[in-house]
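**Q** For reference, the structure I am asking about is given below.
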Amino acid sequence: MRPFLRKTHLMTRLFFTHHSFSNSTLIIPQSSRSFQIPLFNIPHGVFRPNSSSGIRWFSSKSRVEAMQNLEAISYLSQREAAEVDEILMGSLGFSVDQLMELAGLSVATSVAEVYKASEYKRVLVICGPGNNGGDGLVAARHLFHFGYKPSICYPKRTAKPLYTGLVTQLESLSVPFLTVDDLPLDLSKDFDIIIDAIFGFSFHGAPRPPFDDLIQRLTSLNDYKEANQRSPAIVSVDIPSGWHVEEGDISDSSFKPDMLVSLTAPKLCAKKFNGPHHFLGGRFVPPSIVNKYNLHLPPYPGTAMCVRIGKPPQVDIAALRENYISPEFLEENVDADPIRQFRKWFDDAVAANLREPNAMSLSTATSDGKPSSRMVLLKGVDEDGFVWYTNYESRKAHDLAENPRASLLFFWEGLNRQVRVEGSVQKVSEEESEQYFHSRPQGSQLGAIASPQSSVVPGRHFLINKYKELEDTFSNGSLIPKPKHWGGYRLKPELFEFWQGQPSRLHDRLFSSL
Ligand SMILES: NC(=O)C1=CN([C@@H]2O[C@H](COP(=O)(O)OP(=O)(O)OC[C@H]3O[C@@H](n4cnc5c(N)ncnc54)[C@H](OP(=O)(O)O)[C@@H]3O)[C@@H](O)[C@H]2O)[C@@H](O)CC1
Ligand SMILES: Cc1cc2nc3c(=O)[nH]c(=O)nc-3n(C[C@H](O)[C@H](O)[C@H](O)COP(=O)(O)O)c2cc1C
Ligand SMILES: Cc1ncc(COP(=O)(O)O)c(C=O)c1O
Ligand SMILES: [K+]
């Protein structure tokens, strides 16, 4: 296998003249050593200058960090967990209600990240007598509002107002409460998810009735898993109930949850958890606790209430699929003017708060038909066509010079929608490019100058150094000139296809050729 080369955004003559990857004696006019960089990151476009610290990653940094920090997690002993509890609710001024609300919300959001309500609707929450059970009651309420259909089994109720209030809230939502006797002995058919909120970190000894029986019913579900038969996913809150809080499933005879949601920080037994989904919740740990217990915890991404920890799940790629459920999209619903129809769907994508709704795949081809695709950002659309900006010496630009036709593809995943647009392409006027170039953030303007798009460069330092030089040059606020080789393209559409996903792959596809 060849080593990775670092390309940027401009295709050099070298590349264009087909001294390409297919040629084993690739001649590159720089030291060959500098090309042995086993990297995948993209030199420009994913970072933005930051006035104080140079480069700031622009992509979802904390999620990436969280994925990379999997090794560094720390675990609490049973005593430490109880101490943290006391400190939070003592000197740090939290109430148990607050912590339980946040813990239960973390559990519900973790469940929703892995098990979609459309497929895993029927949830049984089994609640124990302590705070772990309380977390389960809170999670059930949030899951109801997320579109799940929870039922509760709460055989040993606590008479405190916090718990009676949680029960009343669920009853007001008509969430059914089932007794142990109401539950089938075989839990495999009636539920898609079972949330184990029986015991948390204060569990000790062997489970007493009626929880011993409930834990046994969960354990029986292992047989279905071993036989590869469908059975409910088991989600344990903080501790898999019946497991020793520090040693795990000592007798190796209890159930093995599919998902564990550790709260505050994982307890020692979580080291023995081998299931596919380990999440951390309880986004309330202040620095004083982190420092006192020397906690290494991954950052929560964005505003999330939970973060995946542990190994990434092993997925069966062939089994990954969505069943699209959308309103019908019929001939009578489509606007006769495809550009207006596009605008309508684009507005829907914006209203749905989708990330980068203007990101589109642009496919071009050489004159002898070699296709290539990449993402670009739509920067304008009207009767004249679809506009994007790029480097006129890039690979796509070379393709368009010899074959001025292209296809655009938008995929708005959150709306089950796809739009294809095909047509001929022209450069926009210099004035239009000038105007757009100067509307961009200063960093993007400098980036466009610094980055010889699509060419091979010696390393990231090459781009950073060029960028820094340019930053110095223009630090006095003078106008940054648009490079000659940077500008826009406009695709004049000839064909549109509007696609809306439907169940069983019977999608709606309406197309229009102009
Ligand atoms: N920062 C935090 O700390 C946060 C903590 N939070 C949550 O609190 C959980 C800890 O809650 P917790 O302390 O109330 O204990 P928990 O484990 O639910 O149950 C104790 C009950 O079980 C009983 N019991 C014990 N052993 C038993 C047995 N063998 N067989 C039968 N029963 C047995 C015991 O009865 P006892 O033995 O005392 O008679 C008592 O009634 C924690 O894991 C997390 O989920 C979050 O809400 C917010 C942030
Ligand atoms: C979401 C997204 C948006 C992008 N937008 C643009 C863009 O508007 N213009 C551009 O030149 N490159 C953009 N890029 C980078 C291109 O995908 C590509 O790496 C670059 O243009 C070089 O492509 P080429 O070598 O095929 O010409 C974007 C990348 C992503 C992931
Ligand atoms: C290389 C490159 N050029 C241009 C753009 C479009 O950026 P802007 O919105 O600043 O015009 C992007 C966006 O990702 C990009 O990666
Ligand atoms: K539990």
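Each chain of the structure tokens is named A, B, ... in the order shown, its residues numbered from 1; ligands are numbered from 1 in display order.
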Going by DSSP on the backbone, which residues of stretch 251-313 of chain A come out as alpha helix (DSSP H)? List them as an MDAnalysis selection string.
**A** chainID A and resid 287:292
**Q** Write to file, as a PDB file, in the first residue's frame, the residues of the selection just made, with N, CA and C atoms.
**A**
```pdb
ATOM      1  N   PRO A 287     -15.213  21.085  38.911  1.00  0.00           N
ATOM      2  CA  PRO A 287     -13.766  20.856  38.939  1.00  0.00           C
ATOM      3  C   PRO A 287     -13.253  20.404  40.304  1.00  0.00           C
ATOM      4  N   SER A 288     -13.868  20.865  41.399  1.00  0.00           N
ATOM      5  CA  SER A 288     -13.340  20.474  42.716  1.00  0.00           C
ATOM      6  C   SER A 288     -13.408  18.955  42.894  1.00  0.00           C
ATOM      7  N   ILE A 289     -14.458  18.327  42.368  1.00  0.00           N
ATOM      8  CA  ILE A 289     -14.578  16.860  42.479  1.00  0.00           C
ATOM      9  C   ILE A 289     -13.601  16.195  41.515  1.00  0.00           C
ATOM     10  N   VAL A 290     -13.515  16.758  40.317  1.00  0.00           N
ATOM     11  CA  VAL A 290     -12.592  16.193  39.320  1.00  0.00           C
ATOM     12  C   VAL A 290     -11.177  16.171  39.902  1.00  0.00           C
ATOM     13  N   ASN A 291     -10.791  17.262  40.553  1.00  0.00           N
ATOM     14  CA  ASN A 291      -9.423  17.343  41.086  1.00  0.00           C
ATOM     15  C   ASN A 291      -9.250  16.429  42.302  1.00  0.00           C
ATOM     16  N   LYS A 292     -10.211  16.464  43.196  1.00  0.00           N
ATOM     17  CA  LYS A 292     -10.076  15.657  44.428  1.00  0.00           C
ATOM     18  C   LYS A 292      -9.919  14.169  44.107  1.00  0.00           C
TER      19      LYS A 292
END
```
**Q** Counting only C-alpha atoms and all ligand atoms, what residues are within 8 Å of ligand 1, given as number ranges by chain?
**A** A: 81-86, 88, 96-104, 128-135, 197-209, 211-212, 237-239, 242, 263-264, 282
**Q** For A:Glu413, please output as JSON, numbers by chain all residues within 12 Å (counting only C-alpha atoms; exclusion window: fewer than 4 positions along the same chain).
**A** {"A": [322, 324, 325, 326, 349, 352, 353, 354, 355, 356, 357, 359, 417, 418, 419, 499, 500, 501]}
**Q** Emit the selected residues as a PDB file, in the first residue's frame, including N, CA and C atoms.
**A**
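Output saved as again-v7.pdb:
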```pdb
ATOM      1  N   GLU A 322     -31.929   2.095   7.588  1.00  0.00           N
ATOM      2  CA  GLU A 322     -33.031   2.872   8.147  1.00  0.00           C
ATOM      3  C   GLU A 322     -34.263   2.538   7.333  1.00  0.00           C
ATOM      4  N   TYR A 324     -37.263   4.434   6.082  1.00  0.00           N
ATOM      5  CA  TYR A 324     -37.668   5.841   6.036  1.00  0.00           C
ATOM      6  C   TYR A 324     -39.171   5.973   6.216  1.00  0.00           C
ATOM      7  N   ILE A 325     -39.546   6.835   7.136  1.00  0.00           N
ATOM      8  CA  ILE A 325     -40.968   7.089   7.336  1.00  0.00           C
ATOM      9  C   ILE A 325     -41.193   8.581   7.167  1.00  0.00           C
ATOM     10  N   SER A 326     -41.889   8.950   6.110  1.00  0.00           N
ATOM     11  CA  SER A 326     -42.115  10.366   5.800  1.00  0.00           C
ATOM     12  C   SER A 326     -43.514  10.513   5.235  1.00  0.00           C
ATOM     13  N   ALA A 349     -35.067  22.392   5.285  1.00  0.00           N
ATOM     14  CA  ALA A 349     -33.818  21.873   5.885  1.00  0.00           C
ATOM     15  C   ALA A 349     -33.250  22.884   6.870  1.00  0.00           C
ATOM     16  N   ALA A 352     -35.429  22.873   9.950  1.00  0.00           N
ATOM     17  CA  ALA A 352     -35.219  21.666  10.757  1.00  0.00           C
ATOM     18  C   ALA A 352     -33.877  21.708  11.487  1.00  0.00           C
ATOM     19  N   ASN A 353     -33.147  22.815  11.319  1.00  0.00           N
ATOM     20  CA  ASN A 353     -31.890  23.001  12.036  1.00  0.00           C
ATOM     21  C   ASN A 353     -30.835  21.978  11.636  1.00  0.00           C
ATOM     22  N   LEU A 354     -30.898  21.491  10.398  1.00  0.00           N
ATOM     23  CA  LEU A 354     -29.905  20.527   9.948  1.00  0.00           C
ATOM     24  C   LEU A 354     -28.562  21.230   9.823  1.00  0.00           C
ATOM     25  N   ARG A 355     -27.488  20.480  10.084  1.00  0.00           N
ATOM     26  CA  ARG A 355     -26.172  21.076  10.014  1.00  0.00           C
ATOM     27  C   ARG A 355     -25.762  21.202   8.543  1.00  0.00           C
ATOM     28  N   GLU A 356     -25.240  22.365   8.170  1.00  0.00           N
ATOM     29  CA  GLU A 356     -24.804  22.634   6.805  1.00  0.00           C
ATOM     30  C   GLU A 356     -25.799  22.148   5.744  1.00  0.00           C
ATOM     31  N   PRO A 357     -27.001  22.690   5.754  1.00  0.00           N
ATOM     32  CA  PRO A 357     -27.975  22.270   4.741  1.00  0.00           C
ATOM     33  C   PRO A 357     -27.510  22.620   3.335  1.00  0.00           C
ATOM     34  N   ALA A 359     -24.489  22.079   2.223  1.00  0.00           N
ATOM     35  CA  ALA A 359     -23.400  21.198   1.785  1.00  0.00           C
ATOM     36  C   ALA A 359     -23.927  20.266   0.694  1.00  0.00           C
ATOM     37  N   ARG A 417     -34.684  13.223   2.800  1.00  0.00           N
ATOM     38  CA  ARG A 417     -34.809  13.822   1.466  1.00  0.00           C
ATOM     39  C   ARG A 417     -33.461  13.897   0.756  1.00  0.00           C
ATOM     40  N   GLN A 418     -33.540  13.733  -0.543  1.00  0.00           N
ATOM     41  CA  GLN A 418     -32.365  13.853  -1.410  1.00  0.00           C
ATOM     42  C   GLN A 418     -32.789  14.647  -2.644  1.00  0.00           C
ATOM     43  N   VAL A 419     -31.898  15.514  -3.121  1.00  0.00           N
ATOM     44  CA  VAL A 419     -32.184  16.216  -4.384  1.00  0.00           C
ATOM     45  C   VAL A 419     -30.991  16.053  -5.304  1.00  0.00           C
ATOM     46  N   TRP A 499     -36.379  13.413  -4.061  1.00  0.00           N
ATOM     47  CA  TRP A 499     -36.548  12.063  -3.500  1.00  0.00           C
ATOM     48  C   TRP A 499     -36.971  12.182  -2.046  1.00  0.00           C
ATOM     49  N   GLN A 500     -38.038  11.503  -1.710  1.00  0.00           N
ATOM     50  CA  GLN A 500     -38.419  11.441  -0.293  1.00  0.00           C
ATOM     51  C   GLN A 500     -38.556   9.982   0.101  1.00  0.00           C
ATOM     52  N   GLY A 501     -37.776   9.591   1.134  1.00  0.00           N
ATOM     53  CA  GLY A 501     -37.719   8.178   1.533  1.00  0.00           C
ATOM     54  C   GLY A 501     -39.047   7.709   2.100  1.00  0.00           C
TER      55      GLY A 501
END
```
**Q** Could you tell me which of A:Asp196, A:Glu332, A:Glu494, A:Asp347 comes closest to ligand 4 if we count only C-alpha atoms and all ligand atoms?
**A**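 Closest residue, counting only C-alpha atoms and all ligand atoms: A:Asp196.
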**Q** Which residues, written as a list in words, have at least one atom at most 10 Å from A:Ala112, with only C-alpha atoms counted and residues fewer than 6 positions away on the same chain left out?
**A**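 The residues satisfying every condition are Ser106, Tyr120, Leu143, Phe146, Gly147 and Tyr148 of chain A.
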**Q** Just to be explicit: take each residue in the selection above, keep N, CA and C atoms, and write the result as a short mmCIF file (atom, residue, chain, number, x, y, z; two decimals), in the first residue's frame.
**A**
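See result.cif below for the written result:
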```
data_model
loop_
_atom_site.label_atom_id
_atom_site.label_comp_id
_atom_site.auth_asym_id
_atom_site.auth_seq_id
_atom_site.Cartn_x
_atom_site.Cartn_y
_atom_site.Cartn_z
N SER A 106 -29.87 12.04 31.38
CA SER A 106 -28.70 11.43 30.72
C SER A 106 -29.01 10.02 30.24
N TYR A 120 -37.56 0.86 18.52
CA TYR A 120 -37.54 0.35 19.90
C TYR A 120 -38.50 1.16 20.75
N LEU A 143 -38.23 9.68 28.31
CA LEU A 143 -38.41 8.80 27.15
C LEU A 143 -39.83 8.94 26.59
N PHE A 146 -39.80 11.78 24.45
CA PHE A 146 -39.00 11.55 23.23
C PHE A 146 -39.75 10.66 22.24
N GLY A 147 -40.93 10.17 22.62
CA GLY A 147 -41.72 9.38 21.67
C GLY A 147 -41.71 7.89 21.94
N TYR A 148 -41.17 7.46 23.08
CA TYR A 148 -41.19 6.03 23.43
C TYR A 148 -42.48 5.74 24.20
#
```
**Q** Please check which protein, DNA or RNA residues sit within 10 Å of ligand 2, counting only C-alpha atoms and all ligand atoms, and write them as a VMD selection string.
**A** chain A and resid 7 to 11 42 to 46 59 355 to 364 372 to 379 387 to 399 448 452 to 455 486 to 488
**Q** For A:Val111, which residue out of A:Ser504, A:Ser188, A:Ser236, A:Asn403 is the nearest one, using only C-alpha atoms?
**A**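 Once distances to A:Val111 are computed over only C-alpha atoms, the minimum belongs to A:Ser236.
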**Q** Excluding same-chain residues fewer than 5 positions from stretch 153-169 of chain A, what lies within 6 Å of it counting only C-alpha atoms, as number ranges by chain?
**A** A: 126-127, 129, 177-179
